[in-house]
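Trainee: The file below is structure-v3.txt, compact mmCIF, C-alpha atoms (C1' of nucleotides):
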# COMPACT_ATOMS: atom_id res chain seq x y z
CA MET A 105 44.78 -27.51 -16.88
CA LEU A 106 44.81 -24.38 -14.79
CA GLY A 107 41.27 -24.79 -13.46
CA PRO A 108 38.99 -21.97 -12.41
CA ASP A 109 40.07 -20.03 -9.35
CA PRO A 110 37.32 -17.92 -7.77
CA ARG A 111 39.84 -16.02 -5.65
CA LEU A 112 41.14 -14.45 -8.84
CA ASP A 113 37.74 -12.89 -9.45
CA ALA A 114 38.12 -10.65 -6.42
CA VAL A 115 41.80 -9.94 -6.99
CA PHE A 116 41.49 -8.90 -10.63
CA ALA A 117 38.30 -6.95 -9.91
CA ALA A 118 40.10 -5.10 -7.13
CA LEU A 119 43.04 -4.30 -9.42
CA ALA A 120 40.75 -3.05 -12.20
CA ASP A 121 40.14 0.27 -10.45
CA PRO A 122 42.81 2.97 -10.83
CA THR A 123 42.04 4.48 -7.42
CA ARG A 124 42.62 1.12 -5.79
CA ARG A 125 45.86 0.60 -7.68
CA ALA A 126 46.94 4.05 -6.50
CA ILE A 127 46.09 3.07 -2.94
CA LEU A 128 48.24 -0.02 -3.30
CA ALA A 129 51.02 2.13 -4.72
CA ARG A 130 50.82 4.33 -1.66
CA LEU A 131 50.82 1.33 0.67
CA VAL A 132 54.05 0.06 -0.84
CA GLU A 133 55.71 2.89 1.09
CA GLY A 134 54.28 1.58 4.32
CA GLU A 135 51.02 1.32 6.17
CA ALA A 136 48.65 4.26 6.12
CA ALA A 137 45.42 5.26 7.80
CA VAL A 138 42.23 6.12 5.95
CA GLY A 139 42.71 9.86 6.26
CA GLU A 140 46.20 9.77 4.77
CA LEU A 141 44.93 7.66 1.91
CA ALA A 142 41.94 9.88 1.20
CA ALA A 143 43.93 13.13 1.09
CA PRO A 144 45.65 12.81 -2.32
CA PHE A 145 42.53 11.55 -4.11
CA SER A 146 39.81 14.13 -4.47
CA MET A 147 37.38 11.71 -2.90
CA SER A 148 35.36 11.51 0.26
CA GLN A 149 36.56 9.48 3.21
CA PRO A 150 33.73 6.94 2.96
CA ALA A 151 34.65 6.28 -0.65
CA VAL A 152 38.18 5.39 0.40
CA SER A 153 36.85 3.19 3.20
CA LYS A 154 34.83 1.31 0.61
CA HIS A 155 37.83 0.84 -1.65
CA LEU A 156 39.75 -0.49 1.32
CA LYS A 157 36.98 -2.96 2.00
CA VAL A 158 37.20 -4.21 -1.58
CA LEU A 159 40.96 -4.59 -1.30
CA GLU A 160 40.54 -6.33 2.03
CA HIS A 161 37.98 -8.72 0.57
CA ALA A 162 40.46 -9.57 -2.17
CA GLY A 163 43.03 -10.29 0.53
CA LEU A 164 45.33 -7.56 -0.81
CA VAL A 165 45.13 -5.45 2.31
CA GLU A 166 44.92 -6.09 6.02
CA ARG A 167 43.60 -3.66 8.60
CA SER A 168 44.76 -3.22 12.13
CA ILE A 169 43.66 -1.11 15.05
CA ASP A 170 45.71 1.70 16.50
CA GLY A 171 43.56 3.75 18.81
CA SER A 172 40.94 5.38 16.68
CA ARG A 173 42.95 4.80 13.50
CA ARG A 174 42.66 1.65 11.40
CA PRO A 175 45.80 1.59 9.32
CA ALA A 176 45.93 -0.61 6.24
CA ARG A 177 48.94 -2.63 5.18
CA LEU A 178 49.67 -4.73 2.15
CA ARG A 179 49.40 -8.49 1.83
CA PRO A 180 51.38 -9.68 -1.15
CA GLU A 181 50.09 -13.27 -1.39
CA PRO A 182 47.09 -12.70 -3.68
CA LEU A 183 49.23 -10.61 -5.98
CA ALA A 184 51.58 -13.52 -6.26
CA ALA A 185 48.65 -15.78 -7.16
CA ALA A 186 47.49 -13.40 -9.86
CA SER A 187 51.00 -13.03 -11.13
CA THR A 188 51.40 -16.79 -11.31
CA TRP A 189 48.18 -17.09 -13.28
CA LEU A 190 49.38 -14.51 -15.79
CA GLU A 191 52.79 -16.07 -16.09
CA ASP A 192 51.33 -19.52 -16.66
CA TYR A 193 49.19 -18.13 -19.45
CA ARG A 194 52.09 -16.34 -20.98
CA ALA A 195 53.96 -19.64 -21.00
CA LEU A 196 51.07 -21.46 -22.65
CA TRP A 197 50.81 -18.72 -25.24
CA GLU A 198 54.45 -18.81 -26.06
CA ALA A 199 54.34 -22.59 -26.34
CA ARG A 200 51.42 -22.16 -28.69
CA PHE A 201 53.28 -19.61 -30.77
CA ASP A 202 56.38 -21.75 -30.89
CA GLN A 203 54.25 -24.62 -32.07
CA LEU A 204 52.67 -22.42 -34.73
CA ASP A 205 56.11 -21.29 -35.67
CA GLY A 206 57.05 -24.96 -36.11
CA VAL A 207 54.10 -25.52 -38.39
CA LEU A 208 55.03 -22.51 -40.47
CA ARG A 209 58.60 -23.76 -40.73
CA SER A 210 57.54 -27.18 -41.95
CA MET A 211 55.21 -25.57 -44.45
CA ALA A 212 58.09 -23.48 -45.68
CA ARG A 213 60.18 -26.64 -46.06
CA LYS A 214 57.49 -28.24 -48.18
CA GLU A 215 57.42 -25.14 -50.34
CA ASP A 216 61.16 -25.54 -50.87
CA ASP A 217 60.74 -29.21 -51.75
CA ALA A 218 58.08 -28.44 -54.33
CA MET B 142 57.18 5.64 -10.03
CA LEU B 143 54.94 3.28 -11.93
CA GLY B 144 52.35 5.89 -12.88
CA PRO B 145 48.70 5.19 -13.60
CA ASP B 146 48.01 3.11 -16.69
CA PRO B 147 44.41 3.29 -17.92
CA ARG B 148 44.92 0.29 -20.20
CA LEU B 149 45.23 -1.85 -17.11
CA ASP B 150 41.69 -0.90 -16.12
CA ALA B 151 40.28 -2.76 -19.10
CA VAL B 152 42.69 -5.68 -18.86
CA PHE B 153 42.14 -6.40 -15.18
CA ALA B 154 38.40 -5.86 -15.52
CA ALA B 155 38.33 -8.34 -18.40
CA LEU B 156 40.29 -10.89 -16.38
CA ALA B 157 38.01 -10.50 -13.36
CA ASP B 158 35.26 -12.60 -14.92
CA PRO B 159 35.61 -16.41 -14.71
CA THR B 160 33.74 -16.96 -17.96
CA ARG B 161 36.16 -14.69 -19.76
CA ARG B 162 39.16 -16.43 -18.21
CA ALA B 163 37.67 -19.72 -19.38
CA ILE B 164 37.29 -18.31 -22.87
CA LEU B 165 40.94 -17.30 -22.83
CA ALA B 166 41.83 -20.78 -21.61
CA ARG B 167 40.00 -22.25 -24.56
CA LEU B 168 41.67 -19.87 -26.97
CA VAL B 169 45.10 -20.98 -25.83
CA GLU B 170 44.37 -24.15 -27.82
CA GLY B 171 43.79 -22.13 -30.94
CA GLU B 172 41.29 -19.77 -32.46
CA ALA B 173 37.62 -20.54 -32.10
CA ALA B 174 34.35 -19.20 -33.43
CA VAL B 175 31.53 -17.90 -31.25
CA GLY B 176 29.49 -21.08 -31.46
CA GLU B 177 32.36 -23.28 -30.30
CA LEU B 178 33.03 -20.93 -27.42
CA ALA B 179 29.39 -20.75 -26.36
CA ALA B 180 28.84 -24.54 -26.32
CA PRO B 181 30.70 -25.50 -23.10
CA PHE B 182 29.29 -22.60 -21.07
CA SER B 183 25.60 -22.86 -20.37
CA MET B 184 25.11 -19.39 -21.75
CA SER B 185 23.39 -17.81 -24.70
CA GLN B 186 25.33 -16.93 -27.82
CA PRO B 187 24.81 -13.17 -27.40
CA ALA B 188 26.29 -13.37 -23.91
CA VAL B 189 29.45 -14.91 -25.33
CA SER B 190 29.55 -12.28 -28.05
CA LYS B 191 29.46 -9.64 -25.33
CA HIS B 192 32.29 -11.27 -23.42
CA LEU B 193 34.31 -11.38 -26.61
CA LYS B 194 33.70 -7.69 -27.09
CA VAL B 195 35.01 -6.99 -23.59
CA LEU B 196 38.10 -9.09 -24.27
CA GLU B 197 38.56 -7.36 -27.61
CA HIS B 198 38.25 -3.94 -25.97
CA ALA B 199 40.97 -4.95 -23.52
CA GLY B 200 43.12 -5.96 -26.48
CA LEU B 201 43.29 -9.55 -25.28
CA VAL B 202 41.48 -10.96 -28.29
CA GLU B 203 41.37 -10.21 -31.98
CA ARG B 204 38.57 -11.15 -34.35
CA SER B 205 38.83 -12.11 -37.97
CA ILE B 206 36.35 -12.93 -40.69
CA ASP B 207 36.01 -16.34 -42.26
CA GLY B 208 32.81 -16.44 -44.26
CA SER B 209 29.98 -16.17 -41.83
CA ARG B 210 32.20 -17.13 -38.90
CA ARG B 211 34.14 -14.62 -36.84
CA PRO B 212 36.83 -16.58 -35.09
CA ALA B 213 38.62 -15.06 -32.12
CA ARG B 214 42.31 -15.46 -31.41
CA LEU B 215 44.51 -14.43 -28.54
CA ARG B 216 46.70 -11.35 -28.34
CA PRO B 217 49.28 -11.79 -25.60
CA GLU B 218 50.60 -8.21 -25.37
CA PRO B 219 48.16 -6.82 -22.78
CA LEU B 220 48.69 -9.87 -20.62
CA ALA B 221 52.38 -9.11 -20.67
CA ALA B 222 51.64 -5.54 -19.58
CA ALA B 223 49.51 -6.73 -16.69
CA SER B 224 52.10 -9.29 -15.74
CA THR B 225 54.79 -6.63 -15.75
CA TRP B 226 52.72 -4.44 -13.48
CA LEU B 227 52.25 -7.26 -11.01
CA GLU B 228 55.88 -8.25 -11.11
CA ASP B 229 57.00 -4.68 -10.53
CA TYR B 230 54.77 -4.49 -7.50
CA ARG B 231 55.99 -7.77 -6.21
CA ALA B 232 59.53 -6.44 -6.50
CA LEU B 233 58.64 -3.25 -4.63
CA TRP B 234 56.98 -5.29 -1.95
CA GLU B 235 59.91 -7.54 -1.49
CA ALA B 236 62.25 -4.59 -1.34
CA ARG B 237 59.96 -3.14 1.29
CA PHE B 238 60.00 -6.35 3.26
CA ASP B 239 63.75 -6.67 3.00
CA GLN B 240 64.04 -3.14 4.28
CA LEU B 241 61.69 -3.95 7.14
CA ASP B 242 63.71 -7.05 7.76
CA GLY B 243 66.77 -4.84 7.99
CA VAL B 244 65.09 -2.66 10.56
CA LEU B 245 64.11 -5.70 12.59
CA ARG B 246 67.66 -6.98 12.44
CA SER B 247 69.14 -3.75 13.70
CA MET B 248 66.56 -3.65 16.44
CA ALA B 249 67.57 -7.15 17.39
CA ARG B 250 71.20 -6.04 17.48
CA LYS B 251 70.34 -3.21 19.82
CA GLU B 252 68.52 -5.68 22.03
CA ASP B 253 71.68 -7.75 22.11
CA ASP B 254 73.77 -4.70 23.00
CA ALA B 255 71.46 -3.77 25.85
C1' DA C 177 33.01 16.06 31.09
C1' DC C 178 33.56 18.39 26.41
C1' DT C 179 35.57 18.80 21.91
C1' DG C 180 37.61 17.37 18.11
C1' DT C 181 39.45 13.70 15.21
C1' DA C 182 39.19 9.17 12.81
C1' DT C 183 36.49 6.00 10.92
C1' DA C 184 32.45 3.16 9.87
C1' DT C 185 27.79 2.65 8.37
C1' DA C 186 23.36 3.81 6.29
C1' DA C 187 20.62 5.52 2.70
C1' DC C 188 20.56 7.12 -1.58
C1' DT C 189 21.74 7.87 -6.79
C1' DA C 190 23.80 7.09 -11.23
C1' DA C 191 26.16 4.32 -14.17
C1' DA C 192 28.06 -0.08 -15.55
C1' DT C 193 27.69 -5.19 -15.92
C1' DA C 194 25.98 -9.68 -16.99
C1' DG C 195 22.50 -11.91 -18.42
C1' DT C 196 18.11 -12.68 -21.15
C1' DT C 197 14.89 -12.95 -25.60
C1' DA C 198 13.84 -11.31 -30.10
C1' DT C 199 15.27 -10.00 -34.43
C1' DG C 200 18.09 -8.91 -38.41
C1' DA C 201 22.04 -9.46 -41.73
C1' DA C 202 25.37 -12.29 -44.14
C1' DA C 203 26.83 -16.21 -45.95
C1' DC C 204 26.46 -21.09 -46.82
C1' DT C 205 23.67 -25.30 -48.59
C1' DT C 206 20.72 -27.55 -51.49
C1' DA D 145 15.58 -18.96 -54.63
C1' DA D 146 14.60 -20.89 -50.23
C1' DG D 147 16.01 -22.43 -46.03
C1' DT D 148 19.75 -22.87 -42.54
C1' DT D 149 23.66 -21.49 -40.04
C1' DT D 150 26.56 -17.93 -37.79
C1' DC D 151 26.79 -14.05 -35.68
C1' DA D 152 25.62 -9.14 -34.16
C1' DT D 153 22.53 -5.84 -32.29
C1' DA D 154 18.62 -3.98 -29.82
C1' DA D 155 15.77 -3.69 -25.92
C1' DC D 156 15.00 -5.01 -21.57
C1' DT D 157 15.93 -6.56 -16.47
C1' DA D 158 18.44 -7.37 -12.35
C1' DT D 159 22.60 -6.80 -9.92
C1' DT D 160 26.75 -4.56 -8.72
C1' DT D 161 29.64 -0.63 -8.38
C1' DA D 162 31.39 3.87 -7.33
C1' DG D 163 30.30 7.73 -5.62
C1' DT D 164 27.69 11.05 -2.54
C1' DT D 165 25.84 13.17 2.17
C1' DA D 166 24.44 12.51 6.74
C1' DT D 167 25.01 10.26 10.96
C1' DA D 168 26.80 7.36 14.57
C1' DT D 169 30.76 5.44 17.28
C1' DA D 170 34.94 5.41 19.48
C1' DC D 171 39.06 7.32 20.88
C1' DA D 172 42.13 11.60 22.11
C1' DG D 173 43.21 15.86 24.08
C1' DT D 174 42.09 19.52 27.25
Mind turning the file's structure into structure tokens?
Mentor:
Amino acid sequence: MLGPDPRLDAVFAALADPTRRAILARLVEGEAAVGELAAPFSMSQPAVSKHLKVLEHAGLVERSIDGSRRPARLRPEPLAAASTWLEDYRALWEARFDQLDGVLRSMARKEDDA
Amino acid sequence: MLGPDPRLDAVFAALADPTRRAILARLVEGEAAVGELAAPFSMSQPAVSKHLKVLEHAGLVERSIDGSRRPARLRPEPLAAASTWLEDYRALWEARFDQLDGVLRSMARKEDDA
DNA sequence: ACTGTATATAACTAAATAGTTATGAAACTT
DNA sequence: AAGTTTCATAACTATTTAGTTATATACAGT
């Protein structure tokens, strides 16, 4: 159940970096070019370009061409996939805990009987 | 809104590795000792111990002591935090798209008027 | 055509990651 | 008490990552 999904490797790895999460946060407000993204982070422009490439590889961001600018915009699909994975696990966990809870209850009943 | 959360660094980084996700998948069925976890993956025991340490550091797993065994069990809380983060972003995205949709609609109306 | 702006790419470094083998420490078995 | 099992830790290697500076490319404005 819930087999391995290699796409999640790239998505979770991309989300593991706080700078990249901040970039995504910025992109929620709309597309932005590299320069605009680099400004708030005390980081060089090439560093931001690299982060964008990681996000792009994970499918979280899409680039376009506008003259000499290459604005980035969000692509929500992979986030949805990651979210689904997490939610499925949460469900399995809760099922597991409910089950455990059931066991504990029946143990308690036996205590009462004894 | 939705400030930086350093705990997510460790959680997403932990989830980025397929072996670790497989370990979590196994642990959904109940706690397991290192040996049991190492068996299905063609990996050395120390490698699995390291993965467990990463998962533990992310708060996703808890160890206990049972004689010479050190079984690992799941801790769902950090998963919930990650899931919340993703869901919040999804919501922001959708809001953004709805807004964009609104803009497109009004543009369409102006087209009609013209 | 010349200058400046926006970005990518290359080459490099430092640190982190994922794996290995070897070994040591507890605890269990007989 | 001796041997076996279970696990952690150390030491090492190879790969990846996150950053840097320097440079090249392409477009924009004058």
Trainee: Provide as a list in words the residues of chain D at most 12 Å from chain B, counting all atoms listed in the file.
Mentor: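 Listing them in order of chain and number gives DT149, DT150, DC151, DA152, DT153 and DA154 of chain D.
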Trainee: I need the chain C residues near chain B as a PyMOL selection string; criterion: at most 12 Å, counting only C-alpha atoms (C1' of nucleotides).
Mentor: chain C and resi 192-198+201-204
Trainee: Within 7 Å of chain B, which residues of chain A are there when counting only C-alpha atoms? Please give them as number ranges by chain.
Mentor: A: 108, 112-114, 116-117, 119-122, 132, 183, 187, 190-191, 196-197
Trainee: As a ChimeraX atom specification, please: the residues near DC178 of chain C (cut-off 12 Å, all atoms listed in the file, same-chain neighbours under 2 positions excluded).
Mentor: /C:180 /D:172-174
Trainee: Which distance in Å separates atom CA of Gly200 of chain B and atom CA of Pro219 of chain B, to one decimal?
Mentor: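 So the answer is 6.3 Å.
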Trainee: Have a look at atom CA of Arg177 of chain A and atom CA of Leu164 of chain A and let me know their distance in Å, one decimal.
Mentor: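 One can read the atom CA of Arg177 of chain A to atom CA of Leu164 of chain A distance as 8.6 Å.
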Trainee: Mind pulling up the distance from atom C1' of DT159 of chain D to atom CA of Val189 of chain B?
Mentor: 18.7 Å
Trainee: If you take every atom of segment 216-221 of chain B that the file lists and fit an axis-aligned box around them with 5 Å extra on each side, what centre and edge lengths come out in Å to one decimal, as lines of an AutoDock Vina configuration file?
Mentor:
center_x = 49.5
center_y = -9.3
center_z = -24.5
size_x = 15.7
size_y = 15.0
size_z = 17.7
